[in-house]
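Visitor: Take this structure, written in structure tokens, and hold onto it; I'll ask about it next.
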Amino acid sequence: MGNNNSLSQSVPLKEFPRTVLRGVGQVMFQDSMWTGLLFFIGIFWGAYQEGFGIVAWGALVGVVVSTLTGYFLDLPDDNGAQGLWGFNGVLVGCAFPTFMENSVWMWIALVLCAAMTTWVRTGLNNIMGKWGVSSFTFPFVLSTWFFLLAARYMHGMAPAFESVPAMAQETLGHLDLGFGSLVIYWLKGISQVFLINSWVTGICFLVGLALCSWRAALWAAIASAESLLIIILWQGPAADIAEGLYGFSAVLTGIALGATFCNSDNWKTWIWALLGIAATVFIQAGMNAAFAPLGLATLTGPFCIGTWLFLLPQYKIFAPK
Amino acid sequence: MGNNNSLSQSVPLKEFPRTVLRGVGQVMFQDSMWTGLLFFIGIFWGAYQEGFGIVAWGALVGVVVSTLTGYFLDLPDDNGAQGLWGFNGVLVGCAFPTFMENSVWMWIALVLCAAMTTWVRTGLNNIMGKWGVSSFTFPFVLSTWFFLLAARYMHGMAPAFESVPAMAQETLGHLDLGFGSLVIYWLKGISQVFLINSWVTGICFLVGLALCSWRAALWAAIASAESLLIIILWQGPAADIAEGLYGFSAVLTGIALGATFCNSDNWKTWIWALLGIAATVFIQAGMNAAFAPLGLATLTGPFCIGTWLFLLPQYKIFAPK
Amino acid sequence: MGNNNSLSQSVPLKEFPRTVLRGVGQVMFQDSMWTGLLFFIGIFWGAYQEGFGIVAWGALVGVVVSTLTGYFLDLPDDNGAQGLWGFNGVLVGCAFPTFMENSVWMWIALVLCAAMTTWVRTGLNNIMGKWGVSSFTFPFVLSTWFFLLAARYMHGMAPAFESVPAMAQETLGHLDLGFGSLVIYWLKGISQVFLINSWVTGICFLVGLALCSWRAALWAAIASAESLLIIILWQGPAADIAEGLYGFSAVLTGIALGATFCNSDNWKTWIWALLGIAATVFIQAGMNAAFAPLGLATLTGPFCIGTWLFLLPQYKIFAPK
């Protein structure tokens with residue numbers, strides 16, 4: 001417990017690596033260092049595979065900084081022990097080198113942004129807790145949006161792989177619908193939760209989930225498949241589909257509604273989760289279009305919005321009557 | 001009361017048509033099937049007159065789906081009996097065929113979106129109820145925004161009559177200011193509440209309002225006239241004025257502030273409602289400009305924002321002291 | 001106390017000028033007529049120096065209208081006596097003639113918008129008060145955004161000095177880094193709080209702050225210097241830096257976190273305020289980019305967001321444990 005009002009409070013060194021790994025696991029709601037370890041393996045594999053090893057090191061810096069911030073701020077450490085200080089930071093660490101040029105200024109901004117997520121989460125949860133929901137990854141999303149946008153005007157951390165700002169317009173393209181390709185899109189939908197474009201990473205993530213919760217792994221699998229089905233039926237942009245960019249938010253919504261925040265297991269809650277996943281796909285496409293003139297990635301914003309819209313009324317719908 | 005936790009609960013067939021019609025009436029805050037019936041007549045007349053009969057059928061599907069959703073979710077049915085499950089759905093049903101191409105995917109999305117509004121409303125009202133305001137038509141607005149934006153990237157439900165995304169720029173044009181023309185703009189300002197561009201429909205809506213509440217009809221009439229006066233004085237875009245596109249949000253604000261949520265009837269509350277209508281016109285123009293790069297319609301968003309800004313402080317202003 | 005339910009309640013004429021001046025002082029959180037007077041002198045000097053005397057008169061009209069609105073609405077007048085009805089209005093009055101053409105319609109809109117801020121503030125504070133934060137200048141920001149955007153479609157109050165809507169793109173330019181130039185940028189960062197581009201005005205504002213609170217003046221000075229350092233290191237747009245446009249929001253954040261809402265004075269709270277100022281610079285750059293396609297000024301929005309993000313969690317971080 002945070003009963004020590006001084007910053008000199010020792011960071012518990014023995015537990016620290018465990019707390020950091022749990023932070024990585026908590027991105028998909030799993031309070032398990034083994035899950036976090038598998039996730040990290042997937043991140044390193046995928047990042048180096050793509051030739052962007054820097055993304056994996058960004059992830060490491062991000063989760064360490066945001067976890068340390070929790071200790072420095074002397075926040076109640078039951079949250080910290082569960083990895084809840086780290087999951088926003090690890091995503092900051094993945095996003096910054098993915099979208100901005102490598103420079104010392106980018107790294108300083110990464111550290112500031114990762115640290116910020118820890119207290120922004122405290123503040124947002126204080127608000128949202130009143131309605132029985134959490135801020136999820138929104139501290140990461142909100143803080144990172146500001147920095148990615150800022151990069152457009154800051155030569156010191158110039159945008160490198162952000163989309164070019166442009167009005168939204170249809171870009172169909174050709175999508176290979178062979179079974180092997182579909183499996184790859186499906187796995188990439190899962191790996192993109194950490195902004196990684198690799199089907200091997202997708203397998204690592206599924207295994208990591210299953211280590212902690214079969215149910216979570218199952219819903220991640222279902223959600224990626226369902227989102228793939230929907231975006232193919234509605235004929236979305238082929239290039240984005242092939243990279244799993246319509247999957248990652250839906251995967252998080254699926255785990256949230258199907259496993260983590262599912263109180264009872266009956267066919268109604270299954271339909272509820274399936275509807276939430278479907279809604280998230282449309283929210284994803286809608287936010288992609290809305291952010292096109294900014295050249296800004298939606299990050300996991302569609303997951304946050306989709307899940308809030310389905311959790312906020314849940315107390316009225318599945319409550320015992 | 002929703003004391004039956006099973007989805008097999010029978011939808012009360014006898015009351016169902018009444019509940020659906022009340023849902024249509026509740027778009028303008030009237031809990032009356034006769035008002036709803038007049039509104040439906042106006043919608044069908046206007047839709048077929050414009051050669052878009054499909055909009056009227058969309059409205060019917062929307063209100064039926066969102067009302068059924070209330071029963072399926074077993075929400076407390078005092079809300080349902082008053083038509084409060086249906087008013088967002090009917091607007092979804094008007095908006096989808098107005099802005100997107102007719103396809104099976106558009107219709108499935110319409111059904112999903114109409115159903116969503118029922119539980120999004122439950123969730124948003126849970127939040128907003130703490131400050132004594134309701135979510136009004138915002139569940140429709142928010143959900144529909146995501147789908148209309150998504151259409152830009154989904155060939156299966158391609159945008160058809162949405163504006164082309166473009167930077168906002170002045171488009172004056174010539175506006176006929178003859179008395180007959182002004183009356184037509186004024187009536188269209190009312191008909192556009194349901195996205196219908198027809199002065200006959202405007203008359204149907206006024207008559208429908210008057211059947212339930214003279215005061216509501218009066219304030220709808222005042223609001224459309226005031227918004228027309230303001231947008232002409234400030235020299236807004238002629239084509240939009242002629243189609244009533246600066247009227248519909250102001251009409252809803254006028255009914256809300258002048259009739260439904262007006263607790264006392266004195267010259268102060270009259271000025272209050274007139275100011276709210278004026279503010280809504282500027283919010284409408286502002287949101288039109290902000291959404292131009294997205295090619296997105298504001299829907300009734302300006303009404304929601306305008307009315308919230310005037311209702312939130314009301315408890316301090318008109319409360320007994 | 002507002003124990004009189006009639007609008008005929010006399011506006012206290014003797015106190016009125018003092019209340020108006022305090023309203024100007026409250027823009028930077030100072031409840032002092034002398035501070036307000038210095039601010040006004042700075043505004044008039046800077047406005048006439050730039051050849052835009054109209055901005056100063058707008059400021060005067062804005063603060064008078066919004067203060068009168070508090071009396072007319074019979075709001076509890078302890079707020080009014082502290083100048084809390086006026087600080088949003090004075091900013092509306094600075095912004096309107098800065099960004100829109102001089103016309104009778106612009107002035108009427110200015111009066112409506114200035115009046116609105118008084119009750120929008122009442123409404124927003126009712127919401128935000130639950131989490132121990134205030135709406136700050138957001139009533140001004142939100143209301144003015146709608147009107148500035150609306151100007152794009154309203155020929156009667158056409159935009160005059162708003163940016164042309166365009167996709168965000170890097171505009172480096174050359175920045176003179178001589179000591180004299182840096183001092184001027186630093187002072188302009190302070191003067192831009194009231195949208196004034198004058199280093200003399202910056203001195204007036206610093207002196208005005210110091211009259212009421214040395215600590216506030218110190219933090220304004222620190223914040224403008226820190227924001228200047230950051231935006232130079234990260235290589236932001238030279239023209240904007242030279243006009244102090246990366247300073248004004250940071251200055252307000254600095255005063256808020258370093259002085260007004262700082263409960264204890266130790267090295268932790270100093271670091272906290274410095275971090276808040278840094279975050280505000282990135283939020284400023286980010287919002288500049290996001291608003292570029294709208295040609296819209298961020299106004300003091302970045303200050304509001306930055307300060308909220310740092311105040312909301314404060315109760316957990318600096319609370320006695």
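Going through the structure tokens in order, the chains are called A, B, and so on, while each chain numbers its residues from 1 and the ligands are numbered from 1 in the order shown.
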Return as CSV the residues of chain A lying at most 10 Å from chain C, together with the closest atom-to-atom pair for each and the distance in Å to one decimal, counting only C-alpha atoms, with rows in chain order and ascending residue number.
Guide:
residue,atom,partner,partner_atom,distance
A:Met1,CA,C:Lys321,CA,9.9
A:Gly2,CA,C:Lys321,CA,7.5
A:Asn3,CA,C:Lys321,CA,5.9
A:Asn4,CA,C:Lys321,CA,7.5
A:Asn5,CA,C:Lys321,CA,6.9
A:Ser6,CA,C:Lys268,CA,9.5
A:Leu7,CA,C:Lys268,CA,8.4
A:Gly70,CA,C:Ile317,CA,9.7
A:Phe72,CA,C:Ile317,CA,9.6
A:Leu73,CA,C:Ile317,CA,5.9
A:Asp74,CA,C:Ile317,CA,6.9
A:Leu75,CA,C:Ile317,CA,6.5
A:Pro76,CA,C:Lys316,CA,8.5
A:Val104,CA,C:Trp234,CA,9.8
A:Trp105,CA,C:Trp234,CA,6.5
A:Met106,CA,C:Trp234,CA,8.9
A:Ala109,CA,C:Phe282,CA,8.9
A:Leu112,CA,C:Ala279,CA,7.9
A:Cys113,CA,C:Ala279,CA,8.2
A:Met116,CA,C:Ala279,CA,8.5
A:Thr117,CA,C:Leu309,CA,9.7
A:Thr118,CA,C:Pro313,CA,9.5
A:Trp119,CA,C:Pro313,CA,5.9
A:Val120,CA,C:Leu309,CA,5.8
A:Arg121,CA,C:Pro313,CA,8.1
A:Thr122,CA,C:Pro313,CA,5.4
A:Gly123,CA,C:Pro313,CA,4.1
A:Leu124,CA,C:Leu312,CA,7.5
A:Asn125,CA,C:Pro313,CA,9.0
A:Asn126,CA,C:Pro313,CA,7.6
A:Ile127,CA,C:Trp131,CA,6.9
A:Pro139,CA,C:Leu309,CA,9.8
A:Ser143,CA,C:Ile283,CA,8.4
A:Thr144,CA,C:Gly286,CA,9.7
A:Trp145,CA,C:Gly286,CA,7.5
A:Phe146,CA,C:Gly286,CA,4.6
A:Phe147,CA,C:Phe282,CA,6.0
A:Leu148,CA,C:Gly286,CA,7.1
A:Leu149,CA,C:Gly286,CA,4.3
A:Ala150,CA,C:Gly286,CA,3.8
A:Ala151,CA,C:Gly286,CA,7.4
A:Arg152,CA,C:Glu170,CA,5.8
A:Tyr153,CA,C:Glu170,CA,5.0
A:Met154,CA,C:Gly236,CA,4.5
A:His155,CA,C:Gln235,CA,5.1
A:Gly156,CA,C:Trp234,CA,4.4
A:Met157,CA,C:Trp234,CA,6.8
A:Ala158,CA,C:Glu170,CA,8.7
A:Pro159,CA,C:Glu170,CA,9.8
A:Val164,CA,C:Met167,CA,9.4
A:Pro165,CA,C:Met167,CA,6.3
A:Ala166,CA,C:Met167,CA,7.5
A:Met167,CA,C:Met167,CA,9.3
A:Phe291,CA,C:Ala290,CA,9.2
A:Pro293,CA,C:Met167,CA,6.8
A:Leu294,CA,C:Ala290,CA,6.1
A:Gly295,CA,C:Ala168,CA,9.0
A:Leu296,CA,C:Ala290,CA,9.1
Visitor: Which of range 157-309 of chain C counts as alpha helix (DSSP H) under DSSP, as a ChimeraX atom specification please?
Guide: /C:179-191,199-212,214-233,238-242,248-255,267-291,301-309
Visitor: Matching every Cα in sequence order between the two identical chains, what are the coordinates of chain C once fitted onto chain A? Write them as a compact mmCIF listing (two decimals) with C-alpha atoms, in the first residue's frame.
Guide:
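Contents of superposed.txt, as written:
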# COMPACT_ATOMS: atom_id res chain seq x y z
CA MET C 1 -0.16 -0.06 0.01
CA GLY C 2 0.99 3.42 -0.75
CA ASN C 3 1.46 4.46 2.84
CA ASN C 4 4.73 6.18 2.25
CA ASN C 5 4.53 9.76 1.13
CA SER C 6 8.08 10.05 -0.13
CA LEU C 7 9.42 9.55 -3.61
CA SER C 8 12.42 7.83 -2.10
CA GLN C 9 10.17 4.83 -1.55
CA SER C 10 12.08 1.93 -2.97
CA VAL C 11 10.78 0.41 -6.16
CA PRO C 12 10.42 -3.29 -5.28
CA LEU C 13 13.22 -4.64 -7.44
CA LYS C 14 12.39 -8.27 -7.00
CA GLU C 15 8.81 -7.87 -8.18
CA PHE C 16 9.56 -5.29 -10.81
CA PRO C 17 10.14 -7.58 -13.81
CA ARG C 18 6.97 -9.49 -12.96
CA THR C 19 5.00 -6.23 -12.71
CA VAL C 20 6.36 -5.09 -16.05
CA LEU C 21 5.40 -8.37 -17.75
CA ARG C 22 1.94 -8.23 -16.23
CA GLY C 23 1.63 -4.74 -17.67
CA VAL C 24 2.14 -6.20 -21.11
CA GLY C 25 -0.41 -8.93 -20.42
CA GLN C 26 -2.98 -6.38 -19.23
CA VAL C 27 -3.22 -4.88 -22.72
CA MET C 28 -5.48 -7.87 -23.35
CA PHE C 29 -6.83 -7.91 -19.76
CA GLN C 30 -4.59 -10.77 -18.51
CA ASP C 31 -2.99 -10.43 -15.10
CA SER C 32 -0.22 -12.92 -15.79
CA MET C 33 3.50 -12.51 -16.27
CA TRP C 34 3.60 -15.59 -18.52
CA THR C 35 1.05 -14.07 -20.83
CA GLY C 36 3.10 -10.88 -20.82
CA LEU C 37 6.23 -12.83 -21.63
CA LEU C 38 4.60 -14.51 -24.62
CA PHE C 39 3.33 -11.13 -25.77
CA PHE C 40 6.83 -9.70 -25.51
CA ILE C 41 8.27 -12.59 -27.48
CA GLY C 42 5.66 -11.95 -30.14
CA ILE C 43 6.45 -8.26 -30.20
CA PHE C 44 10.19 -8.81 -30.55
CA TRP C 45 9.73 -11.48 -33.20
CA GLY C 46 7.32 -9.42 -35.26
CA ALA C 47 9.23 -6.17 -34.91
CA TYR C 48 12.54 -7.67 -36.03
CA GLN C 49 10.78 -9.66 -38.75
CA GLU C 50 9.42 -6.41 -40.18
CA GLY C 51 12.85 -4.79 -39.89
CA PHE C 52 11.58 -2.49 -37.12
CA GLY C 53 13.31 -3.87 -34.05
CA ILE C 54 13.09 -0.38 -32.61
CA VAL C 55 9.36 -0.90 -32.03
CA ALA C 56 10.09 -3.74 -29.59
CA TRP C 57 12.61 -1.65 -27.68
CA GLY C 58 10.09 1.18 -27.61
CA ALA C 59 7.59 -1.24 -26.07
CA LEU C 60 10.09 -2.19 -23.39
CA VAL C 61 10.95 1.43 -22.57
CA GLY C 62 7.27 2.38 -22.54
CA VAL C 63 6.16 -0.29 -20.10
CA VAL C 64 9.14 0.28 -17.79
CA VAL C 65 8.64 4.05 -17.72
CA SER C 66 4.91 3.93 -17.09
CA THR C 67 5.31 1.27 -14.40
CA LEU C 68 8.05 3.25 -12.67
CA THR C 69 5.80 6.30 -12.84
CA GLY C 70 3.23 4.47 -10.74
CA TYR C 71 5.86 3.86 -8.06
CA PHE C 72 7.21 7.40 -8.23
CA LEU C 73 3.72 8.87 -7.85
CA ASP C 74 3.17 6.49 -4.94
CA LEU C 75 -0.17 5.38 -6.35
CA PRO C 76 -1.91 2.57 -4.44
CA ASP C 77 0.16 -0.40 -5.58
CA ASP C 78 -2.49 -3.10 -5.77
CA ASN C 79 -3.10 -1.64 -9.22
CA GLY C 80 0.58 -1.72 -9.94
CA ALA C 81 1.10 -5.30 -8.90
CA GLN C 82 -1.59 -6.31 -11.39
CA GLY C 83 0.28 -4.55 -14.17
CA LEU C 84 -2.31 -1.81 -14.52
CA TRP C 85 0.29 0.95 -14.64
CA GLY C 86 2.09 -0.56 -17.57
CA PHE C 87 -0.39 -1.54 -20.26
CA ASN C 88 -0.87 1.96 -21.65
CA GLY C 89 2.85 2.62 -21.63
CA VAL C 90 3.75 -0.46 -23.63
CA LEU C 91 1.36 0.65 -26.36
CA VAL C 92 2.84 4.15 -26.38
CA GLY C 93 6.20 2.46 -26.84
CA CYS C 94 4.91 0.48 -29.82
CA ALA C 95 3.21 3.45 -31.43
CA PHE C 96 5.92 6.11 -31.29
CA PRO C 97 8.61 4.35 -33.36
CA THR C 98 5.92 2.94 -35.64
CA PHE C 99 4.74 6.38 -36.70
CA MET C 100 7.63 8.77 -36.04
CA GLU C 101 11.25 9.09 -37.08
CA ASN C 102 13.93 7.77 -34.77
CA SER C 103 15.50 10.74 -32.97
CA VAL C 104 16.46 11.67 -29.46
CA TRP C 105 13.46 14.02 -29.34
CA MET C 106 11.13 11.18 -30.30
CA TRP C 107 12.49 9.11 -27.43
CA ILE C 108 12.15 11.90 -24.89
CA ALA C 109 8.58 12.47 -26.04
CA LEU C 110 7.97 8.71 -25.77
CA VAL C 111 9.12 8.76 -22.16
CA LEU C 112 6.94 11.77 -21.31
CA CYS C 113 3.92 10.27 -23.02
CA ALA C 114 4.37 6.83 -21.45
CA ALA C 115 4.68 8.40 -18.01
CA MET C 116 1.60 10.57 -18.63
CA THR C 117 -0.60 7.59 -19.36
CA THR C 118 -0.21 6.40 -15.78
CA TRP C 119 -1.73 9.50 -14.24
CA VAL C 120 -4.13 10.18 -17.08
CA ARG C 121 -5.48 6.70 -16.35
CA THR C 122 -5.88 7.59 -12.67
CA GLY C 123 -7.80 10.72 -13.63
CA LEU C 124 -10.02 9.14 -16.26
CA ASN C 125 -10.84 6.13 -14.09
CA ASN C 126 -11.88 8.51 -11.35
CA ILE C 127 -14.49 9.87 -13.76
CA MET C 128 -15.54 6.67 -15.50
CA GLY C 129 -15.59 4.56 -12.38
CA LYS C 130 -18.85 6.28 -11.44
CA TRP C 131 -20.56 4.37 -14.26
CA GLY C 132 -18.87 1.07 -13.72
CA VAL C 133 -16.54 1.24 -16.68
CA SER C 134 -12.80 1.70 -16.95
CA SER C 135 -10.78 3.92 -19.25
CA PHE C 136 -9.24 0.79 -20.86
CA THR C 137 -6.47 1.82 -23.27
CA PHE C 138 -7.87 5.31 -23.74
CA PRO C 139 -5.08 7.02 -21.74
CA PHE C 140 -2.68 5.62 -24.35
CA VAL C 141 -4.98 6.55 -27.22
CA LEU C 142 -5.65 10.12 -26.11
CA SER C 143 -2.08 10.99 -25.13
CA THR C 144 -0.60 9.40 -28.22
CA TRP C 145 -3.03 11.17 -30.54
CA PHE C 146 -1.73 14.52 -29.30
CA PHE C 147 1.89 13.54 -29.87
CA LEU C 148 1.32 11.95 -33.29
CA LEU C 149 -0.53 15.04 -34.42
CA ALA C 150 2.14 17.29 -32.91
CA ALA C 151 4.74 15.45 -34.99
CA ARG C 152 3.31 17.12 -38.10
CA TYR C 153 4.61 20.47 -36.86
CA MET C 154 7.72 19.29 -35.05
CA HIS C 155 10.68 18.59 -37.27
CA GLY C 156 12.54 17.07 -34.32
CA MET C 157 10.16 14.09 -34.22
CA ALA C 158 8.90 14.11 -37.77
CA PRO C 159 6.16 11.69 -38.84
CA ALA C 160 7.65 8.80 -40.75
CA PHE C 161 5.06 6.14 -41.35
CA GLU C 162 1.88 8.03 -40.59
CA SER C 163 -0.59 8.19 -43.46
CA VAL C 164 -0.49 11.30 -45.58
CA PRO C 165 -3.40 13.55 -44.59
CA ALA C 166 -6.08 13.23 -47.28
CA MET C 167 -9.83 13.22 -47.64
CA ALA C 168 -11.32 9.78 -47.09
CA GLN C 169 -12.03 7.96 -50.30
CA GLU C 170 -12.77 4.40 -51.28
CA THR C 171 -9.66 2.28 -51.96
CA LEU C 172 -10.85 -1.19 -52.75
CA GLY C 173 -7.94 -3.13 -54.24
CA HIS C 174 -7.79 -6.88 -54.69
CA LEU C 175 -7.94 -9.20 -51.70
CA ASP C 176 -6.70 -12.77 -51.96
CA LEU C 177 -9.43 -14.91 -50.38
CA GLY C 178 -7.55 -18.22 -50.35
CA PHE C 179 -7.75 -20.14 -47.08
CA GLY C 180 -4.08 -19.61 -46.26
CA SER C 181 -4.38 -15.87 -46.82
CA LEU C 182 -7.48 -15.67 -44.66
CA VAL C 183 -5.67 -17.40 -41.81
CA ILE C 184 -2.85 -14.88 -42.10
CA TYR C 185 -5.24 -11.92 -42.05
CA TRP C 186 -6.98 -13.47 -39.08
CA LEU C 187 -3.72 -13.85 -37.12
CA LYS C 188 -2.53 -10.39 -38.09
CA GLY C 189 -5.79 -8.97 -36.77
CA ILE C 190 -4.62 -10.27 -33.38
CA SER C 191 -0.98 -9.17 -33.71
CA GLN C 192 -2.02 -5.62 -34.60
CA VAL C 193 -3.24 -5.13 -31.03
CA PHE C 194 0.40 -4.20 -30.39
CA LEU C 195 0.77 -2.61 -33.85
CA ILE C 196 2.69 -5.66 -35.10
CA ASN C 197 2.06 -6.95 -38.62
CA SER C 198 3.03 -10.64 -38.30
CA TRP C 199 0.99 -13.84 -38.24
CA VAL C 200 3.62 -15.55 -36.06
CA THR C 201 3.13 -12.82 -33.50
CA GLY C 202 -0.61 -13.49 -33.71
CA ILE C 203 0.05 -17.09 -32.69
CA CYS C 204 2.27 -15.97 -29.81
CA PHE C 205 -0.53 -13.72 -28.60
CA LEU C 206 -3.14 -16.48 -28.81
CA VAL C 207 -0.89 -18.86 -26.89
CA GLY C 208 -0.14 -16.14 -24.34
CA LEU C 209 -3.87 -15.56 -23.83
CA ALA C 210 -4.57 -19.27 -23.52
CA LEU C 211 -1.92 -19.60 -20.80
CA CYS C 212 -4.00 -17.34 -18.61
CA SER C 213 -7.54 -17.80 -19.92
CA TRP C 214 -8.91 -20.16 -22.52
CA ARG C 215 -11.97 -18.03 -22.73
CA ALA C 216 -10.00 -14.90 -23.59
CA ALA C 217 -8.07 -16.76 -26.29
CA LEU C 218 -11.30 -18.12 -27.70
CA TRP C 219 -12.92 -14.72 -27.89
CA ALA C 220 -9.83 -13.13 -29.43
CA ALA C 221 -9.99 -15.82 -32.12
CA ILE C 222 -13.73 -15.38 -32.64
CA ALA C 223 -13.45 -11.59 -32.76
CA SER C 224 -10.68 -11.53 -35.33
CA ALA C 225 -12.61 -14.01 -37.50
CA GLU C 226 -15.90 -12.14 -37.17
CA SER C 227 -14.34 -8.78 -37.94
CA LEU C 228 -12.63 -10.30 -40.98
CA LEU C 229 -15.93 -11.75 -42.18
CA ILE C 230 -17.74 -8.44 -41.77
CA ILE C 231 -15.16 -6.26 -43.45
CA ILE C 232 -14.94 -8.69 -46.38
CA LEU C 233 -18.74 -8.86 -46.78
CA TRP C 234 -19.02 -5.07 -46.62
CA GLN C 235 -16.07 -4.82 -49.04
CA GLY C 236 -13.57 -2.71 -47.14
CA PRO C 237 -10.10 -1.68 -48.34
CA ALA C 238 -8.08 -4.76 -49.29
CA ALA C 239 -4.67 -3.52 -48.16
CA ASP C 240 -5.87 -2.70 -44.66
CA ILE C 241 -7.75 -5.99 -44.34
CA ALA C 242 -4.63 -7.94 -45.35
CA GLU C 243 -2.63 -6.23 -42.61
CA GLY C 244 -5.21 -6.99 -39.92
CA LEU C 245 -6.13 -3.35 -39.44
CA TYR C 246 -9.84 -4.10 -39.07
CA GLY C 247 -9.17 -6.79 -36.49
CA PHE C 248 -7.24 -5.42 -33.52
CA SER C 249 -9.93 -3.21 -31.97
CA ALA C 250 -12.55 -5.91 -32.48
CA VAL C 251 -10.24 -8.45 -30.80
CA LEU C 252 -10.03 -6.28 -27.69
CA THR C 253 -13.80 -5.71 -27.70
CA GLY C 254 -14.29 -9.46 -28.04
CA ILE C 255 -12.09 -10.27 -25.05
CA ALA C 256 -13.73 -7.51 -23.01
CA LEU C 257 -17.36 -8.42 -23.74
CA GLY C 258 -16.93 -12.16 -24.23
CA ALA C 259 -14.58 -12.92 -21.36
CA THR C 260 -13.37 -10.23 -18.96
CA PHE C 261 -16.62 -8.35 -18.35
CA CYS C 262 -19.03 -11.18 -19.06
CA ASN C 263 -20.82 -11.99 -15.85
CA SER C 264 -22.89 -14.95 -16.95
CA ASP C 265 -22.43 -17.51 -19.65
CA ASN C 266 -25.55 -17.97 -21.72
CA TRP C 267 -26.61 -17.49 -25.30
CA LYS C 268 -27.68 -13.91 -24.62
CA THR C 269 -24.24 -12.85 -23.47
CA TRP C 270 -22.74 -14.62 -26.50
CA ILE C 271 -24.96 -12.64 -28.86
CA TRP C 272 -24.14 -9.50 -26.91
CA ALA C 273 -20.40 -10.01 -27.45
CA LEU C 274 -20.89 -10.86 -31.13
CA LEU C 275 -22.90 -7.66 -31.62
CA GLY C 276 -20.23 -5.65 -29.84
CA ILE C 277 -17.56 -7.03 -32.14
CA ALA C 278 -19.64 -6.19 -35.21
CA ALA C 279 -20.29 -2.65 -33.99
CA THR C 280 -16.57 -2.18 -33.37
CA VAL C 281 -15.80 -2.98 -37.01
CA PHE C 282 -18.13 -0.22 -38.19
CA ILE C 283 -16.76 2.17 -35.59
CA GLN C 284 -13.26 1.27 -36.81
CA ALA C 285 -14.12 2.02 -40.43
CA GLY C 286 -15.91 5.22 -39.39
CA MET C 287 -13.00 6.49 -37.36
CA ASN C 288 -10.57 5.59 -40.14
CA ALA C 289 -12.57 7.85 -42.45
CA ALA C 290 -12.90 10.62 -39.88
CA PHE C 291 -9.17 10.64 -39.18
CA ALA C 292 -8.07 10.46 -42.82
CA PRO C 293 -7.74 14.25 -43.21
CA LEU C 294 -5.48 14.22 -40.16
CA GLY C 295 -3.37 11.30 -41.34
CA LEU C 296 -3.89 9.96 -37.83
CA ALA C 297 -4.17 6.34 -36.73
CA THR C 298 -7.24 5.49 -34.65
CA LEU C 299 -5.06 3.33 -32.39
CA THR C 300 -7.34 1.31 -30.12
CA GLY C 301 -9.91 4.11 -29.92
CA PRO C 302 -12.61 2.07 -31.71
CA PHE C 303 -12.24 -0.68 -29.11
CA CYS C 304 -12.69 1.81 -26.26
CA ILE C 305 -15.76 3.41 -27.80
CA GLY C 306 -17.33 0.12 -28.88
CA THR C 307 -16.82 -1.50 -25.51
CA TRP C 308 -18.08 1.51 -23.57
CA LEU C 309 -21.25 1.61 -25.66
CA PHE C 310 -21.90 -2.05 -24.81
CA LEU C 311 -20.82 -1.99 -21.15
CA LEU C 312 -22.56 1.19 -20.04
CA PRO C 313 -26.08 -0.23 -20.47
CA GLN C 314 -25.11 -3.72 -19.35
CA TYR C 315 -26.20 -3.18 -15.74
CA LYS C 316 -29.77 -2.70 -17.00
CA ILE C 317 -29.72 -5.59 -19.41
CA PHE C 318 -28.04 -8.46 -17.61
CA ALA C 319 -28.69 -7.38 -14.06
CA PRO C 320 -30.80 -9.76 -11.96
CA LYS C 321 -34.37 -8.45 -11.90
